[in-house]
$ cat run29.txt   # compact mmCIF, C-alpha atoms and all ligand atoms
# COMPACT_ATOMS: atom_id res chain seq x y z
CA MET R 12 15.15 -2.33 -22.31
CA ARG R 13 14.08 -5.78 -23.51
CA TYR R 14 10.66 -7.10 -22.50
CA ILE R 15 10.64 -10.80 -21.78
CA LEU R 16 8.20 -13.54 -20.80
CA SER R 17 9.54 -16.30 -18.59
CA PRO R 18 6.85 -19.00 -18.30
CA SER R 19 7.19 -20.96 -15.07
CA LEU R 20 7.12 -24.70 -15.67
CA LEU R 21 6.01 -25.19 -12.07
CA ALA R 22 2.44 -24.86 -13.33
CA ALA R 23 2.96 -27.23 -16.28
CA ASP R 24 2.05 -30.92 -16.41
CA PHE R 25 5.20 -32.65 -15.12
CA GLY R 26 4.42 -35.63 -17.31
CA ARG R 27 4.59 -33.45 -20.41
CA LEU R 28 7.37 -30.98 -19.65
CA ALA R 29 9.00 -31.31 -23.07
CA GLU R 30 5.74 -30.64 -24.91
CA ASP R 31 4.91 -27.68 -22.66
CA ALA R 32 8.39 -26.18 -23.06
CA GLY R 33 7.99 -26.57 -26.83
CA ALA R 34 4.54 -24.97 -26.83
CA VAL R 35 5.64 -21.80 -25.05
CA ARG R 36 8.68 -21.50 -27.29
CA ALA R 37 6.58 -21.87 -30.43
CA ALA R 38 4.30 -19.10 -29.14
CA GLY R 39 7.16 -16.65 -28.60
CA ALA R 40 8.50 -17.10 -25.05
CA GLN R 41 12.21 -16.30 -24.76
CA TYR R 42 12.94 -17.68 -21.30
CA LEU R 43 11.91 -20.75 -19.35
CA HIS R 44 11.53 -20.11 -15.63
CA LEU R 45 12.61 -23.11 -13.56
CA ASP R 46 11.55 -22.99 -9.91
CA VAL R 47 13.75 -25.14 -7.70
CA MET R 48 12.28 -25.68 -4.21
CA ASP R 49 13.83 -27.63 -1.37
CA GLY R 50 11.07 -28.03 1.22
CA HIS R 51 13.24 -26.03 3.62
CA PHE R 52 13.58 -22.42 2.49
CA VAL R 53 10.07 -22.80 1.06
CA PRO R 54 7.45 -25.34 2.16
CA SER R 55 7.20 -27.15 -1.14
CA ILE R 56 9.56 -29.44 -3.10
CA SER R 57 9.64 -29.16 -6.90
CA PHE R 58 12.52 -30.50 -9.02
CA GLY R 59 16.27 -30.18 -9.35
CA MET R 60 19.24 -30.70 -11.63
CA PRO R 61 18.17 -33.94 -13.41
CA VAL R 62 14.94 -32.40 -14.72
CA ILE R 63 16.77 -29.27 -15.88
CA ARG R 64 19.46 -31.38 -17.56
CA SER R 65 16.83 -33.36 -19.49
CA LEU R 66 15.01 -30.20 -20.56
CA ARG R 67 18.32 -28.69 -21.69
CA ARG R 68 18.62 -31.41 -24.32
CA ILE R 69 15.32 -30.47 -25.92
CA SER R 70 14.96 -26.71 -25.38
CA PRO R 71 17.06 -23.81 -26.70
CA LEU R 72 15.25 -21.25 -24.49
CA VAL R 73 17.16 -19.20 -21.94
CA PHE R 74 17.00 -21.22 -18.72
CA ASP R 75 16.08 -18.82 -15.94
CA VAL R 76 16.72 -20.87 -12.80
CA HIS R 77 15.13 -19.53 -9.61
CA LEU R 78 16.70 -21.22 -6.60
CA MET R 79 14.38 -21.31 -3.61
CA ILE R 80 16.78 -23.44 -1.61
CA ALA R 81 18.84 -23.10 1.52
CA ASP R 82 22.59 -22.66 1.01
CA PRO R 83 22.48 -22.34 -2.79
CA ASP R 84 26.28 -21.88 -2.96
CA ARG R 85 26.64 -25.65 -2.59
CA TYR R 86 24.83 -26.26 -5.88
CA LEU R 87 25.77 -23.40 -8.22
CA ALA R 88 28.22 -25.48 -10.27
CA ASP R 89 25.70 -28.33 -10.53
CA PHE R 90 23.00 -26.03 -11.88
CA ALA R 91 25.48 -24.51 -14.33
CA GLU R 92 26.42 -27.97 -15.55
CA ALA R 93 22.73 -28.93 -15.80
CA GLY R 94 22.16 -26.09 -18.25
CA ALA R 95 21.20 -22.91 -16.40
CA ASP R 96 21.80 -19.64 -18.23
CA ILE R 97 20.72 -17.37 -15.38
CA ILE R 98 20.89 -18.40 -11.72
CA THR R 99 18.89 -16.34 -9.26
CA VAL R 100 19.48 -16.79 -5.54
CA HIS R 101 17.41 -15.40 -2.71
CA ALA R 102 19.16 -12.72 -0.68
CA GLU R 103 17.58 -14.36 2.38
CA THR R 104 19.47 -17.63 1.74
CA VAL R 105 23.05 -16.43 1.36
CA LEU R 106 25.40 -15.00 3.94
CA HIS R 107 27.82 -13.50 1.46
CA LEU R 108 25.77 -12.19 -1.43
CA ASP R 109 28.72 -10.46 -3.08
CA ARG R 110 30.68 -13.70 -3.12
CA THR R 111 27.74 -15.69 -4.47
CA LEU R 112 27.15 -13.28 -7.35
CA ASN R 113 30.83 -13.50 -8.25
CA ALA R 114 30.68 -17.30 -8.10
CA ILE R 115 27.74 -17.34 -10.56
CA HIS R 116 29.61 -15.02 -12.93
CA ASP R 117 32.74 -17.15 -12.63
CA LEU R 118 30.67 -20.06 -13.94
CA GLY R 119 29.95 -17.96 -17.03
CA LEU R 120 26.29 -17.33 -16.16
CA LYS R 121 24.09 -14.34 -15.48
CA ALA R 122 23.37 -13.70 -11.83
CA GLY R 123 20.07 -12.67 -10.28
CA VAL R 124 19.06 -11.72 -6.75
CA ALA R 125 15.54 -12.54 -5.54
CA LEU R 126 13.79 -10.76 -2.70
CA ASN R 127 10.79 -12.03 -0.76
CA PRO R 128 7.89 -9.59 -0.47
CA ALA R 129 8.92 -8.55 3.04
CA THR R 130 12.62 -8.10 2.27
CA PRO R 131 13.66 -4.45 1.86
CA LEU R 132 15.35 -3.19 -1.28
CA SER R 133 18.20 -1.88 0.87
CA VAL R 134 19.86 -5.34 0.90
CA LEU R 135 20.76 -4.56 -2.73
CA ASP R 136 22.43 -1.21 -2.05
CA TRP R 137 26.03 -2.33 -2.36
CA VAL R 138 25.66 -5.23 -4.79
CA LEU R 139 23.17 -3.83 -7.30
CA PRO R 140 25.84 -3.16 -9.97
CA GLN R 141 26.87 -6.82 -9.77
CA ALA R 142 23.41 -8.21 -10.45
CA ASP R 143 22.20 -8.84 -14.00
CA MET R 144 18.64 -9.16 -12.76
CA VAL R 145 16.61 -8.52 -9.61
CA LEU R 146 13.65 -10.82 -9.06
CA LEU R 147 10.94 -9.28 -6.93
CA MET R 148 8.60 -11.86 -5.46
CA SER R 149 5.03 -10.63 -5.66
CA VAL R 150 3.76 -13.58 -3.60
CA ASN R 151 5.39 -15.43 -0.74
CA PRO R 152 7.47 -18.07 -2.55
CA GLY R 153 6.60 -21.73 -2.40
CA PHE R 154 3.53 -22.27 -4.53
CA GLY R 155 2.11 -21.32 -7.87
CA GLY R 156 -1.37 -19.93 -8.28
CA GLN R 157 -1.32 -17.34 -5.48
CA GLN R 158 -2.73 -13.81 -5.58
CA PHE R 159 -0.44 -10.92 -6.58
CA LEU R 160 0.37 -8.77 -3.53
CA PRO R 161 -0.73 -5.24 -4.53
CA TYR R 162 2.08 -3.44 -2.67
CA SER R 163 4.54 -5.16 -5.03
CA LEU R 164 3.75 -2.44 -7.56
CA ASP R 165 5.18 0.21 -5.23
CA LYS R 166 8.23 -1.94 -4.63
CA ILE R 167 8.83 -2.36 -8.39
CA ARG R 168 8.49 1.40 -8.88
CA ALA R 169 10.90 2.12 -6.03
CA LEU R 170 13.48 -0.32 -7.42
CA ARG R 171 13.24 1.03 -10.97
CA SER R 172 13.63 4.60 -9.78
CA LEU R 173 16.64 3.81 -7.63
CA MET R 174 18.22 1.97 -10.56
CA GLN R 175 17.60 4.96 -12.80
CA ALA R 176 19.10 7.29 -10.22
CA ARG R 177 22.24 5.16 -10.34
CA GLY R 178 22.30 4.88 -14.13
CA LEU R 179 21.63 1.13 -14.09
CA GLU R 180 19.44 -0.76 -16.57
CA THR R 181 19.27 -3.99 -14.62
CA ASP R 182 16.43 -6.36 -15.49
CA ILE R 183 13.55 -6.41 -13.02
CA GLU R 184 11.73 -9.74 -13.03
CA VAL R 185 8.43 -10.04 -11.22
CA ASP R 186 7.32 -13.45 -10.03
CA GLY R 187 4.02 -14.54 -8.51
CA GLY R 188 0.42 -13.92 -9.43
CA VAL R 189 1.21 -12.23 -12.74
CA THR R 190 -1.74 -12.53 -15.12
CA LEU R 191 -2.89 -11.10 -18.44
CA ARG R 192 -5.04 -8.72 -16.39
CA ASN R 193 -2.27 -7.19 -14.25
CA ALA R 194 0.66 -7.50 -16.69
CA GLU R 195 0.31 -3.91 -17.96
CA ALA R 196 0.36 -2.52 -14.42
CA VAL R 197 3.45 -4.58 -13.58
CA LEU R 198 5.21 -3.27 -16.71
CA ASP R 199 4.05 0.30 -16.04
CA ALA R 200 5.65 0.06 -12.59
CA GLY R 201 9.01 -0.71 -14.20
CA ALA R 202 9.36 -4.50 -14.56
CA ASN R 203 10.68 -5.87 -17.85
CA VAL R 204 10.71 -9.63 -17.24
CA LEU R 205 7.41 -11.29 -16.38
CA VAL R 206 7.20 -14.74 -14.81
CA ALA R 207 3.84 -16.44 -15.32
CA GLY R 208 2.98 -19.96 -14.23
CA SER R 209 -0.75 -20.50 -13.84
CA ALA R 210 -1.59 -17.69 -16.25
CA VAL R 211 0.30 -19.56 -18.97
CA PHE R 212 -0.23 -23.24 -18.22
CA ARG R 213 -3.80 -23.26 -16.93
CA GLY R 214 -5.62 -23.51 -20.22
CA ASP R 215 -4.00 -23.22 -23.63
CA ALA R 216 -0.30 -22.56 -22.97
CA GLY R 217 0.34 -21.52 -26.57
CA ALA R 218 -2.53 -19.03 -26.72
CA ASN R 219 -1.74 -17.61 -23.27
CA THR R 220 1.94 -17.19 -24.17
CA ALA R 221 0.99 -15.48 -27.41
CA ALA R 222 -1.26 -13.06 -25.50
CA PHE R 223 1.57 -12.18 -23.09
CA THR R 224 4.15 -11.82 -25.85
CA GLU R 225 1.79 -9.50 -27.75
CA ILE R 226 1.65 -7.18 -24.70
CA LEU R 227 5.46 -7.28 -24.45
CA ARG R 228 5.95 -6.73 -28.18
CA LYS R 229 3.79 -3.60 -28.02
CA ARG R 230 5.97 -2.28 -25.16
CA GLU R 231 9.10 -2.82 -27.23
CA ALA R 232 7.51 -1.05 -30.18
CA ALA R 233 6.37 1.89 -28.01
CA ARG R 234 9.84 2.60 -26.62
C1 LIG R 301 6.49 -19.14 -6.61
C2 LIG R 301 7.37 -19.36 -7.82
C3 LIG R 301 6.77 -18.83 -9.05
C4 LIG R 301 5.49 -19.50 -9.43
C5 LIG R 301 4.64 -18.49 -10.12
O1 LIG R 301 7.11 -19.59 -5.48
O2 LIG R 301 8.63 -18.71 -7.67
O3 LIG R 301 7.68 -18.81 -10.15
O4 LIG R 301 5.65 -20.60 -10.26
O5 LIG R 301 3.42 -19.07 -10.34
P1 LIG R 301 2.12 -18.21 -10.63
O6 LIG R 301 2.40 -17.45 -11.90
O7 LIG R 301 1.08 -19.25 -10.78
O8 LIG R 301 1.91 -17.31 -9.45
ZN ZN R 302 9.99 -18.38 -9.59
$ encode --input "run29.txt" --output "structure tokens"
Amino acid sequence: MRYILSPSLLAADFGRLAEDAGAVRAAGAQYLHLDVMDGHFVPSISFGMPVIRSLRRISPLVFDVHLMIADPDRYLADFAEAGADIITVHAETVLHLDRTLNAIHDLGLKAGVALNPATPLSVLDWVLPQADMVLLMSVNPGFGGQQFLPYSLDKIRALRSLMQARGLETDIEVDGGVTLRNAEAVLDAGANVLVAGSAVFRGDAGANTAAFTEILRKREAAR
């Protein structure tokens, strides 16, 4: 199992996205988490394809695109063309999850499924083998800087154990309220991809990234 940090640019300074993306890369981040919000599925509006396309020109990181938008099927090809490496859709936003995961794979990308805190794991039962990653929201999506919902730890544990029971090593990404203080608990529960927005970009992004990657490096070494 690989342990990965995916810093969320939502918490970065939008006037300095290139510098911030460079800083987290220099400090050891492997992914860049790109939160796309439409003001419909979630209350807030963030950014879309043009911003991702511009970042693609300057960053070699794995672009981990989290679509918090209604009807994401309409835009999958656009996000692929803009430079996404992984596209994660919310189970709550698609009618035909199986078809959507296939469509992402047909574009040559990795496919993730995101679940809101209140959405049961059972929606994954029949499509789990088709997902490269499951993103568990540990806050209600829409804003950075919220508090981690404590019951998320039980949900992570339940997902990891049902994956193990089925012989799957799918990535579990946890998104929302992840900090240097709770990262160990989130990893202990079974996550292997950490999203962190505020905990990286509030303050010294390079130093914060280095602190997260040190925790992740120790996990890799301890395996
Ligand atoms: C929330 C987004 C998150 C957010 C995380 O709707 O999906 O990726 O940026 O931000 P923090 O780490 O500040 O909770
Ligand atoms: Zn996100």
$ residues_around --input "run29.txt" --residues "Ala88 (chain R)" --least-positions-apart "6" --cutoff "12 Å" --atoms "all atoms listed in the file" --output "list in words"
Met60, Gly94, Ala95, Asp96, Ile98, Thr111, Ala114, Ile115, His116, Asp117, Leu118, Gly119 and Leu120 of chain R
$ residues_near_ligand --input "run29.txt" --ligand "ligand LIG 301 (chain R)" --cutoff "8 Å" --atoms "all atoms listed in the file" --output "number ranges by chain"
R: 18-22, 44-46, 53, 77, 79, 148, 150-159, 186-190, 206-211
$ residues_around --input "run29.txt" --residues "Arg36 (chain R)" --least-positions-apart "4" --cutoff "9 Å" --atoms "only C-alpha atoms" --output "ChimeraX atom specification"
/R:31-32,40-43,70-72,217,220
$ closest_residue --input "run29.txt" --among "R:Glu184, R:Glu92, R:Asp49, R:Asp24" --to "ligand ZN 302 (chain R)" --atoms "only C-alpha atoms and all ligand atoms"
R:Glu184
$ atom_distance --input "run29.txt" --atom1 "CA of Ala169 (chain R)" --atom2 "CA of Asp199 (chain R)"
12.3 Å
$ residues_around --input "run29.txt" --residues "Asp84 (chain R)" --least-positions-apart "3" --cutoff "10 Å" --atoms "all atoms listed in the file" --output "number ranges by chain"
R: 80-81, 87-89, 100, 104-108, 110-112, 114-115
$ write_last_selection --input "run29.txt" --atoms "C-alpha atoms" --output "short mmCIF file (atom, residue, chain, number, x, y, z; two decimals), in the frame of the given file"
data_model
loop_
_atom_site.label_atom_id
_atom_site.label_comp_id
_atom_site.auth_asym_id
_atom_site.auth_seq_id
_atom_site.Cartn_x
_atom_site.Cartn_y
_atom_site.Cartn_z
CA ILE R 80 16.78 -23.44 -1.61
CA ALA R 81 18.84 -23.10 1.52
CA LEU R 87 25.77 -23.40 -8.22
CA ALA R 88 28.22 -25.48 -10.27
CA ASP R 89 25.70 -28.33 -10.53
CA VAL R 100 19.48 -16.79 -5.54
CA THR R 104 19.47 -17.63 1.74
CA VAL R 105 23.05 -16.43 1.36
CA LEU R 106 25.40 -15.00 3.94
CA HIS R 107 27.82 -13.50 1.46
CA LEU R 108 25.77 -12.19 -1.43
CA ARG R 110 30.68 -13.70 -3.12
CA THR R 111 27.74 -15.69 -4.47
CA LEU R 112 27.15 -13.28 -7.35
CA ALA R 114 30.68 -17.30 -8.10
CA ILE R 115 27.74 -17.34 -10.56
#
$ atom_distance --input "run29.txt" --atom1 "CA of Phe90 (chain R)" --atom2 "CA of Arg171 (chain R)"
28.8 Å
$ closest_residue --input "run29.txt" --among "R:Val185, R:Phe58, R:Ala23, R:Val145" --to "ligand ZN 302 (chain R)" --atoms "only C-alpha atoms and all ligand atoms"
R:Val185
$ atom_distance --input "run29.txt" --atom1 "CA of Ala129 (chain R)" --atom2 "CA of Leu170 (chain R)"
14.1 Å
$ closest_residue --input "run29.txt" --among "R:Glu195, R:Asp143, R:Asp75, R:Asp165" --to "ligand ZN 302 (chain R)" --atoms "all atoms listed in the file"
R:Asp75
$ closest_residue --input "run29.txt" --among "R:Asn113, R:Thr224, R:Ser17, R:Gln141" --to "ligand ZN 302 (chain R)" --atoms "all atoms listed in the file"
R:Ser17
$ residues_around --input "run29.txt" --residues "Leu146 (chain R)" --least-positions-apart "3" --cutoff "9 Å" --atoms "all atoms listed in the file" --output "list of chain:residue names"
R:His77, R:Thr99, R:His101, R:Gly123, R:Val124, R:Ala125, R:Leu126, R:Asn127, R:Asp182, R:Ile183, R:Glu184, R:Val185, R:Asp186, R:Val204
$ closest_residue --input "run29.txt" --among "R:Tyr86, R:Met48, R:Tyr14, R:Gly33" --to "ligand ZN 302 (chain R)" --atoms "only C-alpha atoms and all ligand atoms"
R:Met48
$ closest_residue --input "run29.txt" --among "R:Ser57, R:Asn219, R:Asn193, R:Gln175" --to "ligand ZN 302 (chain R)" --atoms "all atoms listed in the file"
R:Ser57
$ build_atoms --input "run29.txt" --residues "region 121-154 of chain R" --atoms "N, CA and C atoms" --output "PDB file, in the coordinates of the input"
ATOM      1  N   LYS R 121      24.650 -15.576 -16.018  1.00  0.00           N
ATOM      2  CA  LYS R 121      24.090 -14.340 -15.480  1.00  0.00           C
ATOM      3  C   LYS R 121      23.600 -14.596 -14.064  1.00  0.00           C
ATOM      4  N   ALA R 122      23.692 -13.544 -13.247  1.00  0.00           N
ATOM      5  CA  ALA R 122      23.370 -13.700 -11.830  1.00  0.00           C
ATOM      6  C   ALA R 122      22.185 -12.820 -11.447  1.00  0.00           C
ATOM      7  N   GLY R 123      21.222 -13.419 -10.768  1.00  0.00           N
ATOM      8  CA  GLY R 123      20.070 -12.670 -10.280  1.00  0.00           C
ATOM      9  C   GLY R 123      19.977 -12.747  -8.762  1.00  0.00           C
ATOM     10  N   VAL R 124      19.351 -11.716  -8.191  1.00  0.00           N
ATOM     11  CA  VAL R 124      19.060 -11.720  -6.750  1.00  0.00           C
ATOM     12  C   VAL R 124      17.555 -11.632  -6.589  1.00  0.00           C
ATOM     13  N   ALA R 125      16.989 -12.556  -5.812  1.00  0.00           N
ATOM     14  CA  ALA R 125      15.540 -12.540  -5.540  1.00  0.00           C
ATOM     15  C   ALA R 125      15.290 -12.017  -4.139  1.00  0.00           C
ATOM     16  N   LEU R 126      14.200 -11.267  -4.004  1.00  0.00           N
ATOM     17  CA  LEU R 126      13.790 -10.760  -2.700  1.00  0.00           C
ATOM     18  C   LEU R 126      12.360 -11.205  -2.409  1.00  0.00           C
ATOM     19  N   ASN R 127      12.157 -11.737  -1.223  1.00  0.00           N
ATOM     20  CA  ASN R 127      10.790 -12.030  -0.760  1.00  0.00           C
ATOM     21  C   ASN R 127      10.005 -10.733  -0.627  1.00  0.00           C
ATOM     22  N   PRO R 128       8.688 -10.825  -0.587  1.00  0.00           N
ATOM     23  CA  PRO R 128       7.890  -9.590  -0.470  1.00  0.00           C
ATOM     24  C   PRO R 128       8.294  -8.721   0.720  1.00  0.00           C
ATOM     25  N   ALA R 129       8.629  -9.330   1.831  1.00  0.00           N
ATOM     26  CA  ALA R 129       8.920  -8.550   3.040  1.00  0.00           C
ATOM     27  C   ALA R 129      10.360  -8.074   3.133  1.00  0.00           C
ATOM     28  N   THR R 130      11.200  -8.482   2.198  1.00  0.00           N
ATOM     29  CA  THR R 130      12.620  -8.100   2.270  1.00  0.00           C
ATOM     30  C   THR R 130      12.831  -6.728   1.658  1.00  0.00           C
ATOM     31  N   PRO R 131      13.482  -5.820   2.393  1.00  0.00           N
ATOM     32  CA  PRO R 131      13.660  -4.450   1.860  1.00  0.00           C
ATOM     33  C   PRO R 131      14.649  -4.397   0.708  1.00  0.00           C
ATOM     34  N   LEU R 132      14.449  -3.395  -0.150  1.00  0.00           N
ATOM     35  CA  LEU R 132      15.350  -3.190  -1.280  1.00  0.00           C
ATOM     36  C   LEU R 132      16.764  -2.830  -0.828  1.00  0.00           C
ATOM     37  N   SER R 133      16.885  -2.352   0.408  1.00  0.00           N
ATOM     38  CA  SER R 133      18.200  -1.880   0.870  1.00  0.00           C
ATOM     39  C   SER R 133      19.247  -2.987   0.910  1.00  0.00           C
ATOM     40  N   VAL R 134      18.845  -4.263   0.924  1.00  0.00           N
ATOM     41  CA  VAL R 134      19.860  -5.340   0.900  1.00  0.00           C
ATOM     42  C   VAL R 134      20.652  -5.307  -0.409  1.00  0.00           C
ATOM     43  N   LEU R 135      20.095  -4.606  -1.419  1.00  0.00           N
ATOM     44  CA  LEU R 135      20.760  -4.560  -2.730  1.00  0.00           C
ATOM     45  C   LEU R 135      21.750  -3.401  -2.850  1.00  0.00           C
ATOM     46  N   ASP R 136      21.694  -2.477  -1.881  1.00  0.00           N
ATOM     47  CA  ASP R 136      22.430  -1.210  -2.050  1.00  0.00           C
ATOM     48  C   ASP R 136      23.843  -1.387  -2.607  1.00  0.00           C
ATOM     49  N   TRP R 137      24.609  -2.254  -2.004  1.00  0.00           N
ATOM     50  CA  TRP R 137      26.030  -2.330  -2.360  1.00  0.00           C
ATOM     51  C   TRP R 137      26.328  -3.340  -3.452  1.00  0.00           C
ATOM     52  N   VAL R 138      25.376  -4.204  -3.776  1.00  0.00           N
ATOM     53  CA  VAL R 138      25.660  -5.230  -4.790  1.00  0.00           C
ATOM     54  C   VAL R 138      24.870  -5.039  -6.089  1.00  0.00           C
ATOM     55  N   LEU R 139      24.028  -4.016  -6.117  1.00  0.00           N
ATOM     56  CA  LEU R 139      23.170  -3.830  -7.300  1.00  0.00           C
ATOM     57  C   LEU R 139      23.962  -3.834  -8.620  1.00  0.00           C
ATOM     58  N   PRO R 140      25.109  -3.149  -8.686  1.00  0.00           N
ATOM     59  CA  PRO R 140      25.840  -3.160  -9.970  1.00  0.00           C
ATOM     60  C   PRO R 140      26.333  -4.546 -10.382  1.00  0.00           C
ATOM     61  N   GLN R 141      26.398  -5.469  -9.449  1.00  0.00           N
ATOM     62  CA  GLN R 141      26.870  -6.820  -9.770  1.00  0.00           C
ATOM     63  C   GLN R 141      25.765  -7.752 -10.241  1.00  0.00           C
ATOM     64  N   ALA R 142      24.519  -7.326 -10.091  1.00  0.00           N
ATOM     65  CA  ALA R 142      23.410  -8.210 -10.450  1.00  0.00           C
ATOM     66  C   ALA R 142      22.981  -7.937 -11.897  1.00  0.00           C
ATOM     67  N   ASP R 143      22.738  -8.998 -12.654  1.00  0.00           N
ATOM     68  CA  ASP R 143      22.200  -8.840 -14.000  1.00  0.00           C
ATOM     69  C   ASP R 143      20.684  -8.690 -13.943  1.00  0.00           C
ATOM     70  N   MET R 144      20.105  -9.188 -12.870  1.00  0.00           N
ATOM     71  CA  MET R 144      18.640  -9.160 -12.760  1.00  0.00           C
ATOM     72  C   MET R 144      18.263  -9.132 -11.266  1.00  0.00           C
ATOM     73  N   VAL R 145      17.191  -8.424 -10.948  1.00  0.00           N
ATOM     74  CA  VAL R 145      16.610  -8.520  -9.610  1.00  0.00           C
ATOM     75  C   VAL R 145      15.223  -9.113  -9.764  1.00  0.00           C
ATOM     76  N   LEU R 146      14.967 -10.177  -9.028  1.00  0.00           N
ATOM     77  CA  LEU R 146      13.650 -10.820  -9.060  1.00  0.00           C
ATOM     78  C   LEU R 146      12.873 -10.378  -7.823  1.00  0.00           C
ATOM     79  N   LEU R 147      11.800  -9.656  -8.054  1.00  0.00           N
ATOM     80  CA  LEU R 147      10.940  -9.280  -6.930  1.00  0.00           C
ATOM     81  C   LEU R 147       9.800 -10.280  -6.834  1.00  0.00           C
ATOM     82  N   MET R 148       9.712 -10.947  -5.692  1.00  0.00           N
ATOM     83  CA  MET R 148       8.600 -11.860  -5.460  1.00  0.00           C
ATOM     84  C   MET R 148       7.354 -11.033  -5.165  1.00  0.00           C
ATOM     85  N   SER R 149       6.294 -11.327  -5.888  1.00  0.00           N
ATOM     86  CA  SER R 149       5.030 -10.630  -5.660  1.00  0.00           C
ATOM     87  C   SER R 149       4.003 -11.552  -5.000  1.00  0.00           C
ATOM     88  N   VAL R 150       4.492 -12.704  -4.529  1.00  0.00           N
ATOM     89  CA  VAL R 150       3.760 -13.580  -3.600  1.00  0.00           C
ATOM     90  C   VAL R 150       4.822 -14.135  -2.664  1.00  0.00           C
ATOM     91  N   ASN R 151       4.411 -14.730  -1.563  1.00  0.00           N
ATOM     92  CA  ASN R 151       5.390 -15.430  -0.740  1.00  0.00           C
ATOM     93  C   ASN R 151       5.765 -16.722  -1.474  1.00  0.00           C
ATOM     94  N   PRO R 152       7.082 -16.955  -1.680  1.00  0.00           N
ATOM     95  CA  PRO R 152       7.470 -18.070  -2.550  1.00  0.00           C
ATOM     96  C   PRO R 152       7.096 -19.421  -1.966  1.00  0.00           C
ATOM     97  N   GLY R 153       6.881 -20.359  -2.845  1.00  0.00           N
ATOM     98  CA  GLY R 153       6.600 -21.730  -2.400  1.00  0.00           C
ATOM     99  C   GLY R 153       5.538 -22.426  -3.221  1.00  0.00           C
ATOM    100  N   PHE R 154       4.637 -21.652  -3.783  1.00  0.00           N
ATOM    101  CA  PHE R 154       3.530 -22.270  -4.530  1.00  0.00           C
ATOM    102  C   PHE R 154       3.151 -21.398  -5.711  1.00  0.00           C
TER     103      PHE R 154
END
